[in-house]
Amino acid sequence: MFSKKEFSEKDVLAALSAVMDPDLHRSVTSLGMIKDIEIKGKNLSFTFELTTPACPLKDTLEKDAREKLKNAIHEIGTITINWTSRVIGQQDARKDAVMPGVKNTIAVASGKGGVGKSTVAVNIAVALARDGARVGFIDADIYGPSAPLMFGLTGKQPATISINGSKKLVPLDAFGVKVMSIGFLVDPNTAVVWRGPMASGALKQFMTDVAWGDLDYLIFDLPPGTGDIQLTLAQTIPLTGAIIVTTPQDISLADARKGYRMFENLHVPVFGIVENMSYFLCPDCGHRSEIFNYGGGKKAAAELGVPFLGEIPIDVQVRIGSDEGMPVVASQTESAHGAAFISIARNVAQQVSIRNANPDSTPEIIMD
Ligand code: ADP
């Protein structure tokens, strides 16, 4: 026997209409995030559909929803929330013509080499996949591919399949991420001598001739600087946005600003700046040293009017993780560096959601 309902679906929706999505500035009910309301006696269950599984605001939304329900419906018993997500995709005919199943494309860039751009790109990809998103990764650093090593895929080769009569490469899978790199296809010493058009051609093929299927986020690890590959990418598909990785030294920051200007000229929104190698925590005594200076990334972000997405300490484990093909977000989620990457990945997903909800806006700055 079902017990009589003590309150109605309408009461639930009225209470939840006071819960605002802090990013999208609308109530969660008007955004259609509340689904499948079931009331059994005093007990309520419903589904909360987020705009990304990597939502950094989940805990805030949950706390607010429970509070609003308890305040508005005094007789309420247990509240069970089932979380799901549906990533909003970038609406664009040009992108759909090239990669119809890919919802969002995110470029990870840096002004200069060696700042940890690939490390950040790989860890963001794996973190998003761990949160439940469907993620792809294109190693667009044709002259210096690092994805095979960092994903633990060295020596592996992609299979080919035929889709509607045309041959496609099947990306390799690592940590739930679909990966494609020139390093899987040619000897690394071969691509190094390619001329610009050949490298650009290879990148284009990664977009058109790979069976990506349905993806929430496709991450591009760009070569450092502002060259042909960056241009090719922005001209082939309109990117949802870009992230700029820097270290805190002035020289790196100056190049990060150049990177920002390039994306501005290409009309690619910049989701924000990541500061890598921000500080060093001594594993023995916990002392913090700011080896390369500190805080420049945050300052540069403020100056350019883009969000600061987070900072990552220098840690030998990060380097070992990259060299051994075991990204730290897959193995050391509790560590300072693992947690930093996870938080950055969620901040990126948040910026994608904000951008897609307001396609004409500039990226929003979130204060800590
Ligand atoms: P880029 O793509 O900018 O050239 P990489 O991601 O290849 O840089 O990183 C350069 C080197 O620095 C790699 O050996 C990598 O493991 C290491 N590295 C990157 N980030 C960190 C970090 N936070 N702590 C320690 N080593 C790091």
# chains A, B, ... in the order shown; residues from 1 in each chain; ligands from 1
>>> closest_atom_pairs(of="chain A", to="ligand 1", cutoff="8 Å", atoms="only C-alpha atoms and all ligand atoms", output="CSV")
residue,atom,partner,partner_atom_place_in_ligand_line,distance
A:Ser110,CA,ligand 1,3 (O),6.6
A:Lys112,CA,ligand 1,3 (O),6.8
A:Gly113,CA,ligand 1,4 (O),4.1
A:Gly114,CA,ligand 1,4 (O),3.5
A:Val115,CA,ligand 1,3 (O),3.9
A:Gly116,CA,ligand 1,8 (O),3.2
A:Lys117,CA,ligand 1,3 (O),3.7
A:Ser118,CA,ligand 1,2 (O),3.7
A:Thr119,CA,ligand 1,6 (O),3.7
A:Val120,CA,ligand 1,6 (O),6.4
A:Ala121,CA,ligand 1,6 (O),7.9
A:Ser146,CA,ligand 1,7 (O),6.8
A:Asp221,CA,ligand 1,2 (O),7.9
A:Pro223,CA,ligand 1,2 (O),7.4
A:Pro224,CA,ligand 1,3 (O),6.8
A:Val245,CA,ligand 1,3 (O),7.7
A:Asn276,CA,ligand 1,23 (N),5.5
A:Met277,CA,ligand 1,23 (N),4.6
A:Ser278,CA,ligand 1,23 (N),7.6
A:Ile312,CA,ligand 1,23 (N),5.5
A:Pro313,CA,ligand 1,23 (N),5.1
A:Ile314,CA,ligand 1,24 (N),3.4
A:Asp315,CA,ligand 1,24 (N),4.1
A:Val316,CA,ligand 1,25 (C),5.0
A:Gln317,CA,ligand 1,25 (C),6.8
A:Val318,CA,ligand 1,25 (C),4.8
A:Arg319,CA,ligand 1,16 (O),3.3
A:Ile320,CA,ligand 1,16 (O),6.4
A:Gly321,CA,ligand 1,16 (O),7.1
A:Ser322,CA,ligand 1,16 (O),4.8
A:Asp323,CA,ligand 1,16 (O),6.2
A:His337,CA,ligand 1,23 (N),7.1
>>> residues_around(residues="Pro269 (chain A)", least_positions_apart="5", cutoff="10 Å", atoms="only C-alpha atoms", output="ChimeraX atom specification")
/A:106,238-243,260,263-264,306,355,359-363
>>> closest_residue(among="A:Ser181, A:Ser335, A:Thr29, A:Thr84", to="Val210 (chain A)", atoms="only C-alpha atoms")
A:Ser181
>>> residues_around(residues="region 253-257 of chain A", least_positions_apart="6", cutoff="9 Å", atoms="only C-alpha atoms", output="VMD selection string")
chain A and resid 109 to 112 225 244 to 247 273 296 to 297 300 304
>>> select_by_dssp(residues="region 87-325 of chain A", states="strand (DSSP E)", output="PyMOL selection string")
chain A and resi 102-110+135-139+160-163+166-169+172-174+177-181+215-221+241-246+270-275+280-281+288-289+308-311
>>> atom_distance(atom1="CA of Pro248 (chain A)", atom2="CA of Gln350 (chain A)")
24.0 Å
>>> residues_around(residues="region 190-202 of chain A", least_positions_apart="4", cutoff="7 Å", atoms="only C-alpha atoms", output="ChimeraX atom specification")
/A:142-143,186,206,228-229,232
>>> write_last_selection(atoms="C-alpha atoms", output="PDB file, in the first residue's frame")
ATOM      1  CA  ILE A 142      52.531  17.554 -33.661  1.00  0.00           C
ATOM      2  CA  TYR A 143      56.244  18.356 -33.311  1.00  0.00           C
ATOM      3  CA  VAL A 186      54.557   7.962 -37.048  1.00  0.00           C
ATOM      4  CA  PHE A 206      42.445  14.272 -36.194  1.00  0.00           C
ATOM      5  CA  ASP A 228      50.232  27.651 -37.527  1.00  0.00           C
ATOM      6  CA  ILE A 229      48.603  24.902 -35.492  1.00  0.00           C
ATOM      7  CA  THR A 232      44.506  25.893 -38.207  1.00  0.00           C
TER       8      THR A 232
END
>>> closest_residue(among="A:Thr333, A:Thr47, A:Thr160, A:Gln351", to="Thr80 (chain A)", atoms="only C-alpha atoms")
A:Thr47
>>> closest_residue(among="A:Lys299, A:Lys5, A:Arg288, A:Arg66", to="Gly41 (chain A)", atoms="only C-alpha atoms")
A:Lys5
>>> closest_residue(among="A:Val348, A:Lys95, A:Ala18, A:Gly89", to="Asn71 (chain A)", atoms="only C-alpha atoms")
A:Ala18
>>> closest_residue(among="A:Glu324, A:Asp36, A:Glu311, A:Asp23", to="Ala336 (chain A)", atoms="only C-alpha atoms")
A:Glu311
>>> select_by_dssp(residues="region 63-295 of chain A", states="alpha helix (DSSP H)", output="JSON, numbers by chain")
{"A": [63, 64, 65, 66, 67, 68, 69, 70, 71, 72, 93, 94, 95, 96, 97, 98, 117, 118, 119, 120, 121, 122, 123, 124, 125, 126, 127, 128, 129, 130, 147, 148, 149, 150, 188, 189, 190, 191, 196, 197, 198, 199, 200, 201, 202, 203, 204, 205, 206, 207, 208, 228, 229, 230, 231, 232, 233, 234, 235, 236, 250, 251, 252, 253, 254, 255, 256, 257, 258, 259, 260, 261, 262, 263, 264, 265]}
>>> write_last_selection(atoms="C-alpha atoms", output="mmCIF file, in the first residue's frame")
data_model
loop_
_atom_site.group_PDB
_atom_site.id
_atom_site.type_symbol
_atom_site.label_atom_id
_atom_site.label_comp_id
_atom_site.auth_asym_id
_atom_site.auth_seq_id
_atom_site.Cartn_x
_atom_site.Cartn_y
_atom_site.Cartn_z
ATOM 1 C CA LYS A 63 22.753 22.235 0.788
ATOM 2 C CA ASP A 64 20.574 25.031 -0.520
ATOM 3 C CA ALA A 65 17.925 22.656 -1.918
ATOM 4 C CA ARG A 66 17.647 20.697 1.353
ATOM 5 C CA GLU A 67 17.432 23.895 3.385
ATOM 6 C CA LYS A 68 14.765 25.464 1.172
ATOM 7 C CA LEU A 69 12.694 22.262 1.199
ATOM 8 C CA LYS A 70 12.867 21.883 4.991
ATOM 9 C CA ASN A 71 11.989 25.525 5.571
ATOM 10 C CA ALA A 72 9.036 25.503 3.173
ATOM 11 C CA ALA A 93 26.847 24.587 -37.557
ATOM 12 C CA ARG A 94 30.536 24.763 -38.542
ATOM 13 C CA LYS A 95 31.541 22.532 -35.629
ATOM 14 C CA ASP A 96 28.655 20.150 -36.287
ATOM 15 C CA ALA A 97 29.789 19.734 -39.892
ATOM 16 C CA VAL A 98 33.212 18.507 -38.703
ATOM 17 C CA LYS A 117 50.807 22.610 -20.419
ATOM 18 C CA SER A 118 50.580 18.954 -21.486
ATOM 19 C CA THR A 119 50.592 17.795 -17.868
ATOM 20 C CA VAL A 120 47.711 20.150 -17.114
ATOM 21 C CA ALA A 121 45.806 19.154 -20.272
ATOM 22 C CA VAL A 122 46.137 15.418 -19.522
ATOM 23 C CA ASN A 123 45.135 15.776 -15.880
ATOM 24 C CA ILE A 124 42.140 17.970 -16.732
ATOM 25 C CA ALA A 125 40.970 15.383 -19.268
ATOM 26 C CA VAL A 126 41.305 12.491 -16.820
ATOM 27 C CA ALA A 127 39.665 14.489 -14.013
ATOM 28 C CA LEU A 128 36.638 15.284 -16.196
ATOM 29 C CA ALA A 129 36.337 11.614 -17.186
ATOM 30 C CA ARG A 130 36.555 10.555 -13.517
ATOM 31 C CA ALA A 147 50.238 12.136 -24.926
ATOM 32 C CA PRO A 148 51.492 8.571 -25.622
ATOM 33 C CA LEU A 149 53.904 8.813 -22.661
ATOM 34 C CA MET A 150 51.640 10.727 -20.285
ATOM 35 C CA PRO A 188 58.365 10.858 -33.327
ATOM 36 C CA ASN A 189 61.498 11.784 -35.301
ATOM 37 C CA THR A 190 59.505 11.836 -38.558
ATOM 38 C CA ALA A 191 56.984 14.526 -37.601
ATOM 39 C CA GLY A 196 53.816 23.608 -41.345
ATOM 40 C CA PRO A 197 51.139 22.517 -43.858
ATOM 41 C CA MET A 198 51.803 18.831 -43.125
ATOM 42 C CA ALA A 199 51.465 19.366 -39.396
ATOM 43 C CA SER A 200 48.293 21.392 -39.912
ATOM 44 C CA GLY A 201 46.982 18.671 -42.224
ATOM 45 C CA ALA A 202 47.578 16.034 -39.545
ATOM 46 C CA LEU A 203 45.647 18.088 -36.991
ATOM 47 C CA LYS A 204 42.751 18.555 -39.410
ATOM 48 C CA GLN A 205 42.643 14.800 -39.949
ATOM 49 C CA PHE A 206 42.445 14.272 -36.194
ATOM 50 C CA MET A 207 39.215 16.212 -36.311
ATOM 51 C CA THR A 208 37.717 14.773 -39.487
ATOM 52 C CA ASP A 228 50.232 27.651 -37.527
ATOM 53 C CA ILE A 229 48.603 24.902 -35.492
ATOM 54 C CA GLN A 230 46.716 27.377 -33.339
ATOM 55 C CA LEU A 231 45.496 29.134 -36.489
ATOM 56 C CA THR A 232 44.506 25.893 -38.207
ATOM 57 C CA LEU A 233 42.533 24.792 -35.198
ATOM 58 C CA ALA A 234 40.631 28.032 -34.766
ATOM 59 C CA GLN A 235 39.913 28.147 -38.507
ATOM 60 C CA THR A 236 38.673 24.547 -38.725
ATOM 61 C CA ASP A 250 57.564 37.235 -15.520
ATOM 62 C CA ILE A 251 58.917 35.720 -18.730
ATOM 63 C CA SER A 252 56.232 33.052 -18.760
ATOM 64 C CA LEU A 253 53.527 35.552 -17.888
ATOM 65 C CA ALA A 254 54.537 37.864 -20.724
ATOM 66 C CA ASP A 255 54.106 34.943 -23.124
ATOM 67 C CA ALA A 256 50.772 34.025 -21.541
ATOM 68 C CA ARG A 257 49.556 37.537 -22.317
ATOM 69 C CA LYS A 258 50.633 37.042 -25.952
ATOM 70 C CA GLY A 259 48.641 33.804 -26.003
ATOM 71 C CA TYR A 260 45.625 35.641 -24.685
ATOM 72 C CA ARG A 261 45.905 38.278 -27.444
ATOM 73 C CA MET A 262 46.129 35.548 -30.078
ATOM 74 C CA PHE A 263 42.883 33.945 -28.908
ATOM 75 C CA GLU A 264 41.272 37.361 -28.715
ATOM 76 C CA ASN A 265 42.226 37.972 -32.353
#
>>> residues_around(residues="Ala211 (chain A)", least_positions_apart="4", cutoff="8 Å", atoms="only C-alpha atoms", output="ChimeraX atom specification")
/A:168-171
>>> residues_around(residues="Asn104 (chain A)", least_positions_apart="5", cutoff="10 Å", atoms="only C-alpha atoms", output="number ranges by chain")
A: 87-91, 95, 99, 135, 215-219, 238-241, 349, 352-353, 356
>>> write_last_selection(atoms="all heavy atoms", output="compact mmCIF listing (two decimals), in the first residue's frame")
# COMPACT_ATOMS: atom_id res chain seq x y z
N VAL A 87 25.43 17.67 -20.28
CA VAL A 87 26.34 18.76 -20.65
C VAL A 87 25.73 19.56 -21.79
O VAL A 87 25.27 18.99 -22.78
CB VAL A 87 27.73 18.20 -21.04
CG1 VAL A 87 28.64 19.29 -21.58
CG2 VAL A 87 28.37 17.50 -19.85
N ILE A 88 25.73 20.87 -21.61
CA ILE A 88 25.22 21.73 -22.67
C ILE A 88 26.31 21.80 -23.75
O ILE A 88 27.50 21.90 -23.43
CB ILE A 88 24.93 23.17 -22.19
CG1 ILE A 88 24.18 23.17 -20.86
CG2 ILE A 88 24.17 23.96 -23.24
CD1 ILE A 88 23.96 24.56 -20.28
N GLY A 89 25.90 21.75 -25.00
CA GLY A 89 26.88 21.80 -26.09
C GLY A 89 26.89 23.15 -26.74
O GLY A 89 25.93 23.91 -26.69
N GLN A 90 28.04 23.42 -27.36
CA GLN A 90 28.17 24.65 -28.12
C GLN A 90 27.31 24.52 -29.39
O GLN A 90 27.41 23.53 -30.09
CB GLN A 90 29.64 24.78 -28.48
CG GLN A 90 30.02 26.00 -29.25
CD GLN A 90 31.44 25.84 -29.80
OE1 GLN A 90 31.97 24.73 -29.86
NE2 GLN A 90 32.01 26.93 -30.21
N GLN A 91 26.48 25.49 -29.64
CA GLN A 91 25.61 25.44 -30.82
C GLN A 91 26.37 26.07 -31.98
O GLN A 91 26.60 27.28 -31.97
CB GLN A 91 24.33 26.26 -30.58
CG GLN A 91 23.52 25.85 -29.37
CD GLN A 91 22.82 24.53 -29.64
OE1 GLN A 91 22.34 24.29 -30.74
NE2 GLN A 91 22.76 23.68 -28.64
N LYS A 95 31.00 23.64 -36.44
CA LYS A 95 31.54 22.53 -35.63
C LYS A 95 30.79 21.24 -35.95
O LYS A 95 31.39 20.17 -36.12
CB LYS A 95 31.42 22.83 -34.14
CG LYS A 95 31.82 21.63 -33.28
CD LYS A 95 31.52 21.85 -31.81
CE LYS A 95 30.07 21.83 -31.47
NZ LYS A 95 29.37 20.57 -31.67
N MET A 99 32.53 17.70 -36.49
CA MET A 99 32.46 16.71 -35.40
C MET A 99 31.09 16.78 -34.75
O MET A 99 30.94 17.37 -33.66
CB MET A 99 33.56 17.02 -34.37
CG MET A 99 34.94 16.79 -34.92
SD MET A 99 36.22 17.01 -33.66
CE MET A 99 36.10 18.72 -33.38
N VAL A 135 35.01 12.19 -22.51
CA VAL A 135 36.12 13.11 -22.83
C VAL A 135 37.01 12.54 -23.92
O VAL A 135 37.33 11.35 -23.93
CB VAL A 135 36.97 13.36 -21.55
CG1 VAL A 135 38.05 14.40 -21.82
CG2 VAL A 135 36.11 13.80 -20.38
N LEU A 215 30.98 13.04 -27.46
CA LEU A 215 31.86 13.53 -26.38
C LEU A 215 31.26 14.79 -25.76
O LEU A 215 30.71 15.64 -26.48
CB LEU A 215 33.25 13.89 -26.93
CG LEU A 215 34.13 12.79 -27.51
CD1 LEU A 215 35.43 13.40 -28.04
CD2 LEU A 215 34.44 11.72 -26.46
N ASP A 216 31.42 14.91 -24.46
CA ASP A 216 31.03 16.16 -23.80
C ASP A 216 32.12 17.22 -23.99
O ASP A 216 31.84 18.39 -24.21
CB ASP A 216 30.81 15.93 -22.30
CG ASP A 216 29.63 15.00 -22.05
OD1 ASP A 216 28.62 15.13 -22.76
OD2 ASP A 216 29.74 14.13 -21.16
N TYR A 217 33.38 16.77 -23.85
CA TYR A 217 34.51 17.70 -23.96
C TYR A 217 35.62 17.06 -24.78
O TYR A 217 36.03 15.93 -24.51
CB TYR A 217 35.09 18.01 -22.57
CG TYR A 217 34.07 18.48 -21.56
CD1 TYR A 217 33.61 17.63 -20.56
CD2 TYR A 217 33.56 19.78 -21.61
CE1 TYR A 217 32.67 18.05 -19.63
CE2 TYR A 217 32.62 20.21 -20.68
CZ TYR A 217 32.19 19.34 -19.70
OH TYR A 217 31.25 19.77 -18.79
N LEU A 218 36.10 17.79 -25.77
CA LEU A 218 37.29 17.36 -26.51
C LEU A 218 38.40 18.36 -26.21
O LEU A 218 38.26 19.56 -26.48
CB LEU A 218 36.99 17.30 -28.02
CG LEU A 218 38.15 16.91 -28.94
CD1 LEU A 218 38.74 15.55 -28.56
CD2 LEU A 218 37.69 16.88 -30.40
N ILE A 219 39.47 17.85 -25.58
CA ILE A 219 40.57 18.72 -25.15
C ILE A 219 41.67 18.69 -26.20
O ILE A 219 42.07 17.61 -26.64
CB ILE A 219 41.17 18.19 -23.81
CG1 ILE A 219 40.10 17.89 -22.78
CG2 ILE A 219 42.27 19.11 -23.29
CD1 ILE A 219 39.57 19.02 -22.02
N PRO A 238 35.07 26.36 -34.63
CA PRO A 238 35.04 27.44 -33.64
C PRO A 238 35.17 26.80 -32.26
O PRO A 238 34.31 26.02 -31.84
CB PRO A 238 33.65 28.05 -33.84
CG PRO A 238 32.87 27.05 -34.61
CD PRO A 238 33.76 26.01 -35.17
N LEU A 239 36.27 27.04 -31.56
CA LEU A 239 36.49 26.42 -30.25
C LEU A 239 35.51 26.98 -29.23
O LEU A 239 35.16 28.16 -29.28
CB LEU A 239 37.91 26.74 -29.78
CG LEU A 239 39.04 26.04 -30.53
CD1 LEU A 239 40.36 26.75 -30.30
CD2 LEU A 239 39.13 24.59 -30.06
N THR A 240 35.09 26.12 -28.31
CA THR A 240 34.23 26.63 -27.23
C THR A 240 35.05 27.61 -26.39
O THR A 240 34.54 28.64 -25.97
CB THR A 240 33.74 25.47 -26.33
OG1 THR A 240 33.27 24.41 -27.16
CG2 THR A 240 32.61 25.94 -25.42
N GLY A 241 36.32 27.28 -26.16
CA GLY A 241 37.16 28.20 -25.39
C GLY A 241 38.56 27.65 -25.21
O GLY A 241 38.87 26.53 -25.62
N ALA A 349 34.94 23.13 -16.52
CA ALA A 349 33.60 22.65 -16.90
C ALA A 349 32.55 23.71 -16.57
O ALA A 349 31.60 23.94 -17.34
CB ALA A 349 33.29 21.35 -16.15
N VAL A 352 32.59 26.34 -19.18
CA VAL A 352 31.95 25.87 -20.42
C VAL A 352 30.43 26.03 -20.29
O VAL A 352 29.76 26.53 -21.19
CB VAL A 352 32.32 24.40 -20.71
CG1 VAL A 352 31.53 23.85 -21.89
CG2 VAL A 352 33.81 24.27 -20.98
N SER A 353 29.89 25.61 -19.14
CA SER A 353 28.43 25.72 -18.92
C SER A 353 27.98 27.17 -18.97
O SER A 353 26.96 27.49 -19.60
CB SER A 353 28.04 25.16 -17.55
OG SER A 353 28.31 23.79 -17.48
N ASN A 356 28.06 28.42 -22.56
CA ASN A 356 27.00 27.90 -23.43
C ASN A 356 25.62 28.44 -23.05
O ASN A 356 24.73 28.52 -23.89
CB ASN A 356 27.01 26.38 -23.42
CG ASN A 356 28.18 25.83 -24.20
OD1 ASN A 356 28.65 26.46 -25.14
ND2 ASN A 356 28.67 24.67 -23.81
>>> closest_residue(among="A:Pro283, A:Glu334, A:Met326, A:Glu38", to="Lys10 (chain A)", atoms="only C-alpha atoms")
A:Glu38
>>> atom_distance(atom1="CA of Val102 (chain A)", atom2="CA of Phe137 (chain A)")
11.5 Å
>>> decode(residues="region 77-100 of chain A", atoms="N, CA, C and O atoms", output="compact mmCIF listing (two decimals), in the first residue's frame")
# COMPACT_ATOMS: atom_id res chain seq x y z
N GLY A 77 9.99 14.47 5.31
CA GLY A 77 10.81 13.43 5.96
C GLY A 77 12.16 13.35 5.30
O GLY A 77 12.89 14.34 5.22
N THR A 78 12.49 12.17 4.77
CA THR A 78 13.80 12.04 4.13
C THR A 78 13.78 12.66 2.73
O THR A 78 12.76 12.60 2.03
N ILE A 79 14.92 13.23 2.35
CA ILE A 79 15.03 13.81 1.00
C ILE A 79 16.15 13.06 0.29
O ILE A 79 17.30 13.08 0.72
N THR A 80 15.78 12.36 -0.79
CA THR A 80 16.79 11.63 -1.56
C THR A 80 16.99 12.35 -2.89
O THR A 80 16.02 12.56 -3.63
N ILE A 81 18.23 12.72 -3.15
CA ILE A 81 18.51 13.41 -4.42
C ILE A 81 19.35 12.48 -5.31
O ILE A 81 20.39 11.99 -4.89
N ASN A 82 18.86 12.24 -6.52
CA ASN A 82 19.64 11.47 -7.50
C ASN A 82 20.29 12.46 -8.45
O ASN A 82 19.59 13.28 -9.04
N TRP A 83 21.58 12.37 -8.57
CA TRP A 83 22.28 13.36 -9.41
C TRP A 83 22.51 12.81 -10.81
O TRP A 83 22.96 11.68 -10.97
N THR A 84 22.19 13.62 -11.80
CA THR A 84 22.56 13.28 -13.18
C THR A 84 23.08 14.55 -13.83
O THR A 84 23.06 15.62 -13.21
N SER A 85 23.49 14.44 -15.07
CA SER A 85 23.93 15.66 -15.75
C SER A 85 23.68 15.53 -17.24
O SER A 85 23.60 14.43 -17.78
N ARG A 86 23.54 16.67 -17.84
CA ARG A 86 23.45 16.73 -19.30
C ARG A 86 24.28 17.94 -19.70
O ARG A 86 23.89 19.08 -19.43
N VAL A 87 25.43 17.67 -20.28
CA VAL A 87 26.34 18.76 -20.65
C VAL A 87 25.73 19.56 -21.79
O VAL A 87 25.27 18.99 -22.78
N ILE A 88 25.73 20.87 -21.61
CA ILE A 88 25.22 21.73 -22.67
C ILE A 88 26.31 21.80 -23.75
O ILE A 88 27.50 21.90 -23.43
N GLY A 89 25.90 21.75 -25.00
CA GLY A 89 26.88 21.80 -26.09
C GLY A 89 26.89 23.15 -26.74
O GLY A 89 25.93 23.91 -26.69
N GLN A 90 28.04 23.42 -27.36
CA GLN A 90 28.17 24.65 -28.12
C GLN A 90 27.31 24.52 -29.39
O GLN A 90 27.41 23.53 -30.09
N GLN A 91 26.48 25.49 -29.64
CA GLN A 91 25.61 25.44 -30.82
C GLN A 91 26.37 26.07 -31.98
O GLN A 91 26.60 27.28 -31.97
N ASP A 92 26.77 25.26 -32.93
CA ASP A 92 27.48 25.86 -34.06
C ASP A 92 27.48 24.92 -35.26
O ASP A 92 27.95 23.78 -35.17
N ALA A 93 26.99 25.42 -36.37
CA ALA A 93 26.85 24.59 -37.56
C ALA A 93 28.21 24.17 -38.10
O ALA A 93 28.38 23.05 -38.60
N ARG A 94 29.20 25.07 -37.99
CA ARG A 94 30.54 24.76 -38.54
C ARG A 94 31.17 23.60 -37.75
O ARG A 94 31.78 22.72 -38.33
N LYS A 95 31.00 23.64 -36.44
CA LYS A 95 31.54 22.53 -35.63
C LYS A 95 30.79 21.24 -35.95
O LYS A 95 31.39 20.17 -36.12
N ASP A 96 29.47 21.35 -36.05
CA ASP A 96 28.66 20.15 -36.29
C ASP A 96 29.00 19.50 -37.62
O ASP A 96 28.88 18.29 -37.77
N ALA A 97 29.43 20.31 -38.59
CA ALA A 97 29.79 19.73 -39.89
C ALA A 97 31.05 18.88 -39.76
O ALA A 97 31.22 17.88 -40.46
N VAL A 98 31.95 19.24 -38.84
CA VAL A 98 33.21 18.51 -38.70
C VAL A 98 33.09 17.38 -37.67
O VAL A 98 33.51 16.25 -37.91
N MET A 99 32.53 17.70 -36.49
CA MET A 99 32.46 16.71 -35.40
C MET A 99 31.09 16.78 -34.75
O MET A 99 30.94 17.37 -33.66
N PRO A 100 30.10 16.18 -35.39
CA PRO A 100 28.72 16.37 -34.90
C PRO A 100 28.46 15.85 -33.49
O PRO A 100 27.61 16.39 -32.79
